[in-house]
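S.K.: Contents of work_30.cif (mmCIF, C-alpha atoms) are below:
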data_start
#
loop_
_atom_site.group_PDB
_atom_site.id
_atom_site.type_symbol
_atom_site.label_atom_id
_atom_site.label_comp_id
_atom_site.auth_asym_id
_atom_site.auth_seq_id
_atom_site.Cartn_x
_atom_site.Cartn_y
_atom_site.Cartn_z
ATOM 1 C CA MET N 1 -10.441 -66.336 -14.135
ATOM 2 C CA GLU N 2 -7.217 -64.449 -14.663
ATOM 3 C CA SER N 3 -6.566 -61.481 -12.424
ATOM 4 C CA PRO N 4 -7.220 -57.974 -13.814
ATOM 5 C CA ALA N 5 -3.548 -57.056 -13.423
ATOM 6 C CA VAL N 6 -2.451 -59.949 -15.643
ATOM 7 C CA PHE N 7 -5.053 -59.060 -18.267
ATOM 8 C CA ILE N 8 -3.911 -55.404 -18.386
ATOM 9 C CA THR N 9 -0.363 -56.573 -18.928
ATOM 10 C CA ILE N 10 -1.475 -58.742 -21.828
ATOM 11 C CA LEU N 11 -3.294 -55.804 -23.406
ATOM 12 C CA THR N 12 -0.202 -53.663 -23.114
ATOM 13 C CA ILE N 13 1.959 -56.296 -24.775
ATOM 14 C CA MET N 14 -0.562 -56.733 -27.575
ATOM 15 C CA SER N 15 -0.731 -52.983 -28.146
ATOM 16 C CA CYS N 16 3.017 -52.723 -28.402
ATOM 17 C CA ALA N 17 3.101 -55.579 -30.861
ATOM 18 C CA THR N 18 0.709 -54.032 -33.384
ATOM 19 C CA ASP N 19 1.689 -51.850 -36.269
ATOM 20 C CA ARG N 20 -0.536 -48.948 -35.334
ATOM 21 C CA VAL N 21 -1.768 -47.387 -32.091
ATOM 22 C CA TRP N 22 -4.979 -45.363 -32.377
ATOM 23 C CA SER N 23 -5.466 -42.196 -30.381
ATOM 24 C CA GLN N 24 -8.501 -41.514 -28.205
ATOM 25 C CA ARG N 25 -9.882 -39.022 -25.701
ATOM 26 C CA ILE N 26 -12.338 -39.526 -22.854
ATOM 27 C CA TYR N 27 -15.270 -37.198 -22.249
ATOM 28 C CA ALA N 28 -17.896 -37.029 -19.492
ATOM 29 C CA SER N 29 -21.564 -36.246 -19.978
ATOM 30 C CA GLU N 30 -21.159 -33.826 -17.038
ATOM 31 C CA ASN N 31 -18.066 -32.753 -15.102
ATOM 32 C CA PRO N 32 -18.090 -31.605 -12.357
ATOM 33 C CA LEU N 33 -21.422 -33.069 -11.316
ATOM 34 C CA PRO N 34 -23.524 -33.211 -8.131
ATOM 35 C CA VAL N 35 -23.731 -36.157 -5.773
ATOM 36 C CA GLY N 36 -26.487 -38.583 -6.758
ATOM 37 C CA SER N 37 -26.260 -37.910 -10.499
ATOM 38 C CA ASN N 38 -25.593 -40.398 -13.267
ATOM 39 C CA VAL N 39 -22.608 -39.848 -15.535
ATOM 40 C CA THR N 40 -21.468 -41.440 -18.767
ATOM 41 C CA LEU N 41 -17.810 -41.602 -19.707
ATOM 42 C CA TYR N 42 -17.196 -42.177 -23.381
ATOM 43 C CA SER N 43 -14.342 -42.246 -25.837
ATOM 44 C CA HIS N 44 -13.921 -40.318 -29.049
ATOM 45 C CA SER N 45 -11.779 -42.701 -31.057
ATOM 46 C CA SER N 46 -11.217 -43.255 -34.730
ATOM 47 C CA SER N 47 -11.978 -46.987 -34.521
ATOM 48 C CA PRO N 48 -14.082 -49.280 -32.272
ATOM 49 C CA ILE N 49 -12.412 -50.648 -29.125
ATOM 50 C CA ASN N 50 -12.966 -54.404 -29.070
ATOM 51 C CA ASN N 51 -10.619 -55.321 -26.226
ATOM 52 C CA GLY N 52 -10.395 -52.837 -23.390
ATOM 53 C CA VAL N 53 -10.396 -52.119 -19.700
ATOM 54 C CA TRP N 54 -11.853 -49.278 -17.620
ATOM 55 C CA ILE N 55 -9.764 -48.330 -14.576
ATOM 56 C CA PHE N 56 -10.503 -46.042 -11.610
ATOM 57 C CA ASN N 57 -7.459 -44.822 -9.674
ATOM 58 C CA ASN N 58 -5.485 -47.953 -10.694
ATOM 59 C CA ASN N 59 -8.365 -50.276 -9.746
ATOM 60 C CA VAL N 60 -10.120 -52.207 -12.500
ATOM 61 C CA ILE N 61 -13.822 -51.459 -13.012
ATOM 62 C CA LEU N 62 -14.421 -53.793 -15.937
ATOM 63 C CA ILE N 63 -12.718 -55.736 -18.697
ATOM 64 C CA ASN N 64 -14.286 -56.002 -22.140
ATOM 65 C CA PHE N 65 -13.381 -58.442 -24.889
ATOM 66 C CA PRO N 66 -15.382 -59.819 -27.846
ATOM 67 C CA GLY N 67 -18.488 -61.585 -26.592
ATOM 68 C CA ASN N 68 -18.051 -60.851 -22.894
ATOM 69 C CA THR N 69 -17.737 -58.072 -20.325
ATOM 70 C CA VAL N 70 -16.564 -58.697 -16.763
ATOM 71 C CA ILE N 71 -17.518 -56.064 -14.165
ATOM 72 C CA TYR N 72 -15.750 -56.240 -10.812
ATOM 73 C CA ASP N 73 -16.969 -55.505 -7.315
ATOM 74 C CA PRO N 74 -17.983 -53.019 -5.979
ATOM 75 C CA TRP N 75 -19.087 -51.704 -9.390
ATOM 76 C CA LYS N 76 -21.434 -54.491 -10.499
ATOM 77 C CA GLU N 77 -24.633 -52.829 -9.277
ATOM 78 C CA ARG N 78 -23.628 -49.325 -10.246
ATOM 79 C CA VAL N 79 -22.256 -49.341 -13.771
ATOM 80 C CA THR N 80 -23.406 -50.279 -17.244
ATOM 81 C CA PHE N 81 -21.188 -50.728 -20.273
ATOM 82 C CA ASN N 82 -22.046 -50.097 -23.909
ATOM 83 C CA SER N 83 -19.769 -52.344 -25.946
ATOM 84 C CA SER N 84 -20.591 -50.614 -29.239
ATOM 85 C CA THR N 85 -19.278 -47.264 -27.960
ATOM 86 C CA SER N 86 -17.073 -48.461 -25.063
ATOM 87 C CA SER N 87 -18.958 -45.956 -22.869
ATOM 88 C CA LEU N 88 -19.217 -46.454 -19.120
ATOM 89 C CA THR N 89 -22.248 -45.188 -17.188
ATOM 90 C CA ILE N 90 -21.950 -44.796 -13.405
ATOM 91 C CA MET N 91 -25.202 -44.402 -11.512
ATOM 92 C CA SER N 92 -25.803 -42.335 -8.365
ATOM 93 C CA VAL N 93 -22.246 -41.073 -8.046
ATOM 94 C CA GLN N 94 -20.818 -40.176 -4.623
ATOM 95 C CA GLN N 95 -17.851 -38.052 -3.574
ATOM 96 C CA ASP N 96 -15.722 -41.211 -3.375
ATOM 97 C CA ASP N 97 -16.226 -41.578 -7.129
ATOM 98 C CA SER N 98 -14.108 -38.479 -7.724
ATOM 99 C CA GLY N 99 -10.779 -39.389 -9.261
ATOM 100 C CA MET N 100 -8.979 -40.520 -12.393
ATOM 101 C CA TYR N 101 -10.778 -42.740 -14.912
ATOM 102 C CA THR N 102 -8.708 -44.435 -17.595
ATOM 103 C CA LEU N 103 -9.703 -46.393 -20.685
ATOM 104 C CA GLN N 104 -7.025 -48.746 -22.039
ATOM 105 C CA GLY N 105 -7.723 -50.580 -25.286
ATOM 106 C CA GLU N 106 -5.918 -52.948 -27.584
ATOM 107 C CA ASN N 107 -4.263 -50.880 -30.326
ATOM 108 C CA PHE N 108 -5.312 -47.674 -28.495
ATOM 109 C CA SER N 109 -3.286 -45.289 -26.400
ATOM 110 C CA ALA N 110 -4.537 -45.018 -22.816
ATOM 111 C CA ALA N 111 -6.737 -41.984 -22.169
ATOM 112 C CA SER N 112 -7.699 -40.559 -18.786
ATOM 113 C CA LEU N 113 -10.178 -38.083 -17.349
ATOM 114 C CA LYS N 114 -10.394 -36.624 -13.851
ATOM 115 C CA LEU N 115 -13.975 -36.664 -12.597
ATOM 116 C CA SER N 116 -15.125 -34.373 -9.801
ATOM 117 C CA VAL N 117 -18.255 -35.265 -7.797
ATOM 118 C CA GLN N 118 -19.367 -32.411 -5.557
ATOM 119 C CA VAL N 119 -21.926 -31.800 -2.837
ATOM 120 C CA PRO N 120 -24.210 -28.869 -3.747
ATOM 121 C CA VAL N 121 -23.932 -25.768 -1.564
ATOM 122 C CA SER N 122 -26.799 -25.139 0.857
ATOM 123 C CA HIS N 123 -27.658 -23.190 4.015
ATOM 124 C CA VAL N 124 -25.055 -20.442 3.835
ATOM 125 C CA THR N 125 -24.991 -18.197 6.913
ATOM 126 C CA LEU N 126 -22.972 -15.116 7.865
ATOM 127 C CA ARG N 127 -22.122 -13.778 11.320
ATOM 128 C CA ALA N 128 -20.038 -10.887 12.627
ATOM 129 C CA ASN N 129 -17.955 -10.662 15.789
ATOM 130 C CA ALA N 130 -19.679 -7.311 16.478
ATOM 131 C CA THR N 131 -21.790 -4.872 14.489
ATOM 132 C CA ASN N 132 -21.420 -1.647 16.514
ATOM 133 C CA LEU N 133 -17.929 -0.379 15.695
ATOM 134 C CA VAL N 134 -15.858 2.797 15.968
ATOM 135 C CA GLU N 135 -13.954 4.111 12.967
ATOM 136 C CA PHE N 136 -10.180 3.445 13.031
ATOM 137 C CA ASN N 137 -10.457 1.785 16.469
ATOM 138 C CA ASP N 138 -12.255 -1.511 15.787
ATOM 139 C CA THR N 139 -11.737 -4.581 13.610
ATOM 140 C CA ALA N 140 -14.623 -6.323 11.841
ATOM 141 C CA VAL N 141 -14.561 -10.101 11.489
ATOM 142 C CA LEU N 142 -17.127 -11.851 9.279
ATOM 143 C CA THR N 143 -17.411 -15.640 9.203
ATOM 144 C CA CYS N 144 -19.213 -17.454 6.388
ATOM 145 C CA SER N 145 -20.535 -20.924 7.241
ATOM 146 C CA VAL N 146 -22.007 -23.658 5.040
ATOM 147 C CA SER N 147 -24.088 -26.621 6.218
ATOM 148 C CA ASN N 148 -23.513 -28.636 3.043
ATOM 149 C CA GLY N 149 -21.073 -28.394 0.179
ATOM 150 C CA SER N 150 -17.675 -29.510 -1.081
ATOM 151 C CA ASP N 151 -14.850 -27.988 -3.141
ATOM 152 C CA LEU N 152 -15.978 -24.573 -1.931
ATOM 153 C CA SER N 153 -14.956 -21.166 -3.253
ATOM 154 C CA TYR N 154 -15.816 -17.922 -1.444
ATOM 155 C CA THR N 155 -16.500 -14.511 -2.971
ATOM 156 C CA TRP N 156 -17.114 -11.572 -0.634
ATOM 157 C CA LEU N 157 -19.335 -8.629 -1.555
ATOM 158 C CA ASN N 158 -19.653 -5.170 -0.043
ATOM 159 C CA ASP N 159 -23.017 -4.223 -1.501
ATOM 160 C CA SER N 160 -22.346 -5.006 -5.194
ATOM 161 C CA SER N 161 -18.542 -4.611 -5.095
ATOM 162 C CA VAL N 162 -16.236 -7.617 -4.763
ATOM 163 C CA VAL N 163 -13.964 -7.522 -1.693
ATOM 164 C CA THR N 164 -10.420 -8.811 -2.182
ATOM 165 C CA ALA N 165 -7.440 -9.135 0.126
ATOM 166 C CA SER N 166 -5.433 -5.916 0.427
ATOM 167 C CA ASP N 167 -3.812 -3.691 3.047
ATOM 168 C CA GLY N 168 -6.100 -3.890 6.047
ATOM 169 C CA VAL N 169 -8.300 -6.624 4.524
ATOM 170 C CA GLN N 170 -7.509 -10.283 5.166
ATOM 171 C CA LEU N 171 -9.074 -13.516 3.917
ATOM 172 C CA SER N 172 -8.426 -16.676 5.925
ATOM 173 C CA ASP N 173 -9.682 -20.227 6.484
ATOM 174 C CA GLY N 174 -9.797 -20.823 2.736
ATOM 175 C CA GLY N 175 -11.646 -17.552 2.193
ATOM 176 C CA ALA N 176 -14.418 -18.284 4.703
ATOM 177 C CA ILE N 177 -13.336 -15.506 7.113
ATOM 178 C CA LEU N 178 -13.115 -11.831 6.157
ATOM 179 C CA THR N 179 -11.230 -9.494 8.507
ATOM 180 C CA ILE N 180 -11.294 -5.714 8.077
ATOM 181 C CA MET N 181 -8.834 -3.963 10.331
ATOM 182 C CA ALA N 182 -9.350 -0.374 11.505
ATOM 183 C CA VAL N 183 -12.775 -0.039 9.895
ATOM 184 C CA THR N 184 -13.810 3.191 8.211
ATOM 185 C CA ARG N 185 -17.198 4.774 7.603
ATOM 186 C CA TYR N 186 -17.203 3.183 4.138
ATOM 187 C CA ASP N 187 -17.242 -0.340 5.594
ATOM 188 C CA VAL N 188 -20.879 -0.313 6.692
ATOM 189 C CA GLY N 189 -21.921 -2.854 4.030
ATOM 190 C CA PRO N 190 -24.181 -4.666 3.465
ATOM 191 C CA PHE N 191 -21.696 -7.560 3.325
ATOM 192 C CA MET N 192 -22.528 -10.957 1.824
ATOM 193 C CA CYS N 193 -20.566 -14.080 0.973
ATOM 194 C CA ASN N 194 -21.189 -16.021 -2.211
ATOM 195 C CA VAL N 195 -20.253 -19.684 -1.791
ATOM 196 C CA SER N 196 -19.918 -21.772 -4.935
ATOM 197 C CA ASN N 197 -18.496 -24.934 -6.423
ATOM 198 C CA GLY N 198 -18.706 -26.446 -9.864
ATOM 199 C CA VAL N 199 -22.354 -27.495 -9.481
ATOM 200 C CA SER N 200 -24.074 -24.804 -7.392
ATOM 201 C CA GLU N 201 -23.836 -21.496 -5.565
ATOM 202 C CA GLU N 202 -25.654 -19.679 -2.788
ATOM 203 C CA ILE N 203 -25.421 -16.171 -1.318
ATOM 204 C CA SER N 204 -25.677 -15.597 2.416
ATOM 205 C CA PRO N 205 -28.057 -13.173 4.108
ATOM 206 C CA SER N 206 -26.434 -9.752 4.477
ATOM 207 C CA VAL N 207 -24.757 -8.180 7.502
ATOM 208 C CA SER N 208 -24.376 -4.420 7.950
ATOM 209 C CA PHE N 209 -22.285 -2.493 10.459
ATOM 210 C CA ASN N 210 -23.160 0.536 12.535
ATOM 211 C CA ILE N 211 -19.901 2.498 12.424
ATOM 212 C CA SER N 212 -19.484 5.577 14.576
ATOM 213 C CA TYR N 213 -17.183 8.267 13.201
ATOM 214 C CA GLY N 214 -16.334 11.929 13.303
ATOM 215 C CA PRO N 215 -16.953 14.688 13.787
ATOM 216 C CA SER N 216 -14.798 15.442 10.732
ATOM 217 C CA ASN N 217 -14.656 17.571 7.596
ATOM 218 C CA THR N 218 -16.182 20.617 9.250
ATOM 219 C CA THR N 219 -17.094 23.503 6.954
ATOM 220 C CA MET N 220 -18.457 27.005 7.616
ATOM 221 C CA MET N 221 -20.398 29.291 5.290
ATOM 222 C CA ILE N 222 -21.227 32.973 5.794
ATOM 223 C CA MET N 223 -24.072 34.752 4.043
ATOM 224 C CA PRO N 224 -23.693 37.286 2.623
ATOM 225 C CA MET N 225 -20.023 36.884 1.699
ATOM 226 C CA GLU N 226 -18.230 40.144 2.397
ATOM 227 C CA HIS N 227 -14.752 41.267 3.462
ATOM 228 C CA THR N 228 -16.232 43.696 5.971
ATOM 229 C CA TYR N 229 -19.757 44.198 7.182
ATOM 230 C CA ARG N 230 -21.553 47.403 7.974
ATOM 231 C CA VAL N 231 -23.595 47.940 11.076
ATOM 232 C CA GLY N 232 -27.247 46.892 10.742
ATOM 233 C CA LEU N 233 -26.761 43.945 8.368
ATOM 234 C CA ASN N 234 -28.249 40.504 8.992
ATOM 235 C CA ILE N 235 -25.559 37.774 8.819
ATOM 236 C CA THR N 236 -26.035 33.991 8.813
ATOM 237 C CA LEU N 237 -23.221 31.612 9.755
ATOM 238 C CA SER N 238 -23.756 27.911 8.905
ATOM 239 C CA CYS N 239 -21.605 24.948 9.939
ATOM 240 C CA SER N 240 -21.759 21.393 8.639
ATOM 241 C CA VAL N 241 -19.909 18.243 9.630
ATOM 242 C CA GLU N 242 -19.682 14.519 8.848
ATOM 243 C CA SER N 243 -20.636 12.599 11.953
ATOM 244 C CA HIS N 244 -22.322 9.420 13.105
ATOM 245 C CA PRO N 245 -24.105 9.579 15.462
ATOM 246 C CA PRO N 246 -25.176 13.154 14.680
ATOM 247 C CA ALA N 247 -22.984 15.742 16.359
ATOM 248 C CA THR N 248 -23.956 18.494 18.750
ATOM 249 C CA VAL N 249 -22.710 21.967 17.821
ATOM 250 C CA HIS N 250 -21.494 24.749 20.116
ATOM 251 C CA TRP N 251 -20.689 28.256 18.901
ATOM 252 C CA MET N 252 -17.863 30.386 20.204
ATOM 253 C CA VAL N 253 -16.714 33.906 19.508
ATOM 254 C CA ASP N 254 -13.162 34.901 20.497
ATOM 255 C CA GLY N 255 -13.008 31.768 22.665
ATOM 256 C CA MET N 256 -16.210 32.571 24.558
ATOM 257 C CA HIS N 257 -19.158 30.160 24.417
ATOM 258 C CA LEU N 258 -22.426 31.414 22.977
ATOM 259 C CA ASN N 259 -25.755 30.028 24.047
ATOM 260 C CA GLN N 260 -26.389 28.572 20.598
ATOM 261 C CA SER N 261 -26.641 24.880 19.616
ATOM 262 C CA SER N 262 -28.040 25.102 16.118
ATOM 263 C CA PRO N 263 -25.906 24.544 12.979
ATOM 264 C CA LYS N 264 -26.994 28.046 11.950
ATOM 265 C CA LEU N 265 -26.144 31.174 13.849
ATOM 266 C CA GLN N 266 -28.286 34.213 13.008
ATOM 267 C CA LEU N 267 -26.833 37.659 13.679
ATOM 268 C CA GLU N 268 -29.499 40.299 13.162
ATOM 269 C CA GLU N 269 -28.788 44.007 12.761
ATOM 270 C CA VAL N 270 -25.164 43.483 13.756
ATOM 271 C CA THR N 271 -23.268 46.000 15.793
ATOM 272 C CA GLU N 272 -19.546 46.685 16.102
ATOM 273 C CA GLY N 273 -19.588 44.796 19.366
ATOM 274 C CA GLU N 274 -20.341 41.552 17.506
ATOM 275 C CA SER N 275 -17.081 41.674 15.544
ATOM 276 C CA GLY N 276 -14.755 38.739 16.309
ATOM 277 C CA ASN N 277 -13.555 35.258 15.390
ATOM 278 C CA TYR N 278 -16.506 32.857 15.218
ATOM 279 C CA THR N 279 -15.952 29.131 15.697
ATOM 280 C CA CYS N 280 -18.294 26.145 15.627
ATOM 281 C CA VAL N 281 -17.290 23.164 17.758
ATOM 282 C CA PHE N 282 -18.840 19.715 17.235
ATOM 283 C CA TYR N 283 -19.122 16.775 19.627
ATOM 284 C CA ASN N 284 -20.552 13.286 19.323
ATOM 285 C CA GLN N 285 -20.437 10.153 21.464
ATOM 286 C CA ALA N 286 -18.239 8.066 19.166
#
Starting from the file, give its structure as structure tokens.

M.R.:
Amino acid sequence: MESPAVFITILTIMSCATDRVWSQRIYASENPLPVGSNVTLYSHSSSPINNGVWIFNNNVILINFPGNTVIYDPWKERVTFNSSTSSLTIMSVQQDDSGMYTLQGENFSAASLKLSVQVPVSHVTLRANATNLVEFNDTAVLTCSVSNGSDLSYTWLNDSSVVTASDGVQLSDGGAILTIMAVTRYDVGPFMCNVSNGVSEEISPSVSFNISYGPSNTTMMIMPMEHTYRVGLNITLSCSVESHPPATVHWMVDGMHLNQSSPKLQLEEVTEGESGNYTCVFYNQA
């Protein structure tokens, strides 16, 4: 039997010697496709291909000519050929079957298709370097891991919002690691990573952070609101603050501490002696 390389050369010479070269395109029944699937590669051509050869990454799979088809190792047990359509069916594909498939036919231009065989994504997990963090002081590092999968793409979510690389936010290791530098109170999460490829996707369990911050954004209200107050009025001073963990409040008047630890300070039937500059001071353990 002549070698496949010699036969391909003969086909090429015959094609060049004809008056007309027909065009064709190759299609796949599924692409990309998961490991273990069957796939059929077929040609859309304007005329039947009587003499042809299927090639994978420059290696011959089979040669077809009128009345006979020769399939080469290691494809013999894995492929079937339909001579009426020139279609090639590969059974139980593996990752090694990813690559360039070419159909060359007499009087036909060569056509190629890149097939991608992928391992479905499974068992996605997410872990953090630490979950108890302090605003502006600490860096959060989240690592997304996958037990199975190939050709992976990572999408990070903070609740329902997509997280992208920006100032203070880094993606590394192909997108599998998310780093948030100098975390803020808005970085609590929950964070998830969505891992996908062309055949599957899976979302990790979520991770949330406990971020300590504040006290900040302190406000004070006085009821009733007056420019000056007459003796005998009841006055309520209220302070609020953003803080996690909750802050403890201390009241001061003209720099002197009052024995009050409530966010509200009640002054009943005020006297002139209670005039002064009132201040609320907050503390937390962040």

S.K.: Using the chain letters and residue numbers of this document, give as an mmCIF file with C-alpha atoms, keeping the file's coordinate frame the residues selected by the PyMOL selection byres ((chain N and resi 237) around 8).

M.R.:
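Output file part.cif is given in full below:
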data_model
loop_
_atom_site.group_PDB
_atom_site.id
_atom_site.type_symbol
_atom_site.label_atom_id
_atom_site.label_comp_id
_atom_site.auth_asym_id
_atom_site.auth_seq_id
_atom_site.Cartn_x
_atom_site.Cartn_y
_atom_site.Cartn_z
ATOM 1 C CA MET N 220 -18.457 27.005 7.616
ATOM 2 C CA MET N 221 -20.398 29.291 5.290
ATOM 3 C CA ILE N 222 -21.227 32.973 5.794
ATOM 4 C CA MET N 223 -24.072 34.752 4.043
ATOM 5 C CA ILE N 235 -25.559 37.774 8.819
ATOM 6 C CA THR N 236 -26.035 33.991 8.813
ATOM 7 C CA SER N 238 -23.756 27.911 8.905
ATOM 8 C CA CYS N 239 -21.605 24.948 9.939
ATOM 9 C CA LYS N 264 -26.994 28.046 11.950
ATOM 10 C CA LEU N 265 -26.144 31.174 13.849
ATOM 11 C CA GLN N 266 -28.286 34.213 13.008
#

S.K.: Name the residues in contact with Val281 (chain N) at a cut-off of 10 Å, using only C-alpha atoms, excluding same-chain residues fewer than 5 positions from it; report them as a PyMOL selection string.

M.R.: chain N and resi 215+218+239+241+247-252+257+261+263

S.K.: For a cut-off of 7 Å around (-22.0, -36.5, -4.5), file coordinates, pick out all residues using all atoms listed in the file and list them as a ChimeraX atom specification.

M.R.: /N:34-36,93-95,117-119

S.K.: Go ahead and save the residues from that selection, with C-alpha atoms, as a CSV table (one decimal), in the frame of the given file.

M.R.:
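For reference, result.csv as written:
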chain,number,residue,atom,x,y,z
N,34,PRO,CA,-23.5,-33.2,-8.1
N,35,VAL,CA,-23.7,-36.2,-5.8
N,36,GLY,CA,-26.5,-38.6,-6.8
N,93,VAL,CA,-22.2,-41.1,-8.0
N,94,GLN,CA,-20.8,-40.2,-4.6
N,95,GLN,CA,-17.9,-38.1,-3.6
N,117,VAL,CA,-18.3,-35.3,-7.8
N,118,GLN,CA,-19.4,-32.4,-5.6
N,119,VAL,CA,-21.9,-31.8,-2.8

S.K.: Residues at most 10 Å from Glu30 (chain N), counting only C-alpha atoms, excluding those fewer than 6 positions away in the same chain, as number ranges by chain?

M.R.: N: 37-41, 115-117, 199

S.K.: Using all atoms listed in the file, I'd like a table of the residues in region 103-192 of chain N that come within 7 Å of region 46-65 of chain N; for each, show the closest atom pair and its distance in Å rounded to one decimal, ordered by chain and ascending number, as a Markdown table.

M.R.:
| residue | atom | partner | partner_atom | distance |
| --- | --- | --- | --- | --- |
| N:Leu103 | CA | N:Trp54 | CA | 4.7 |
| N:Gln104 | CA | N:Val53 | CA | 5.3 |
| N:Gly105 | CA | N:Gly52 | CA | 4.0 |
| N:Glu106 | CA | N:Asn51 | CA | 5.4 |

S.K.: For the selection just defined, write its residues with C-alpha atoms to a file, as a short mmCIF file (atom, residue, chain, number, x, y, z; two decimals), in the frame of the given file.

M.R.:
data_model
loop_
_atom_site.label_atom_id
_atom_site.label_comp_id
_atom_site.auth_asym_id
_atom_site.auth_seq_id
_atom_site.Cartn_x
_atom_site.Cartn_y
_atom_site.Cartn_z
CA LEU N 103 -9.70 -46.39 -20.68
CA GLN N 104 -7.02 -48.75 -22.04
CA GLY N 105 -7.72 -50.58 -25.29
CA GLU N 106 -5.92 -52.95 -27.58
#

S.K.: With all atoms listed in the file as the atoms that count, which of N:Tyr278, N:Leu152, N:Gly99, N:Ser92 lies nearest to Glu77 (chain N)?

M.R.: N:Ser92

S.K.: Can you give me, as a PDB file with C-alpha atoms, in the coordinates of the input, the residues this file yields under the PyMOL selection byres ((chain N and resi 200) around 6)?

M.R.:
ATOM      1  CA  PRO N 120     -24.210 -28.869  -3.747  1.00  0.00           C
ATOM      2  CA  VAL N 121     -23.932 -25.768  -1.564  1.00  0.00           C
ATOM      3  CA  SER N 196     -19.918 -21.772  -4.935  1.00  0.00           C
ATOM      4  CA  ASN N 197     -18.496 -24.934  -6.423  1.00  0.00           C
ATOM      5  CA  VAL N 199     -22.354 -27.495  -9.481  1.00  0.00           C
ATOM      6  CA  GLU N 201     -23.836 -21.496  -5.565  1.00  0.00           C
TER       7      GLU N 201
END

S.K.: One decimal, Å: what's the distance from CA of Ser206 (chain N) over to CA of Thr184 (chain N), could you say?

M.R.: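 It comes out at 18.5 Å.
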
S.K.: Which residues match the PyMOL selection byres ((chain N and resi 126) around 6) in the file above, as a list of chain:residue names?

M.R.: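 After applying the PyMOL selection byres ((chain N and resi 126) around 6), what remains is N:Thr125, N:Arg127, N:Thr143, N:Cys144.
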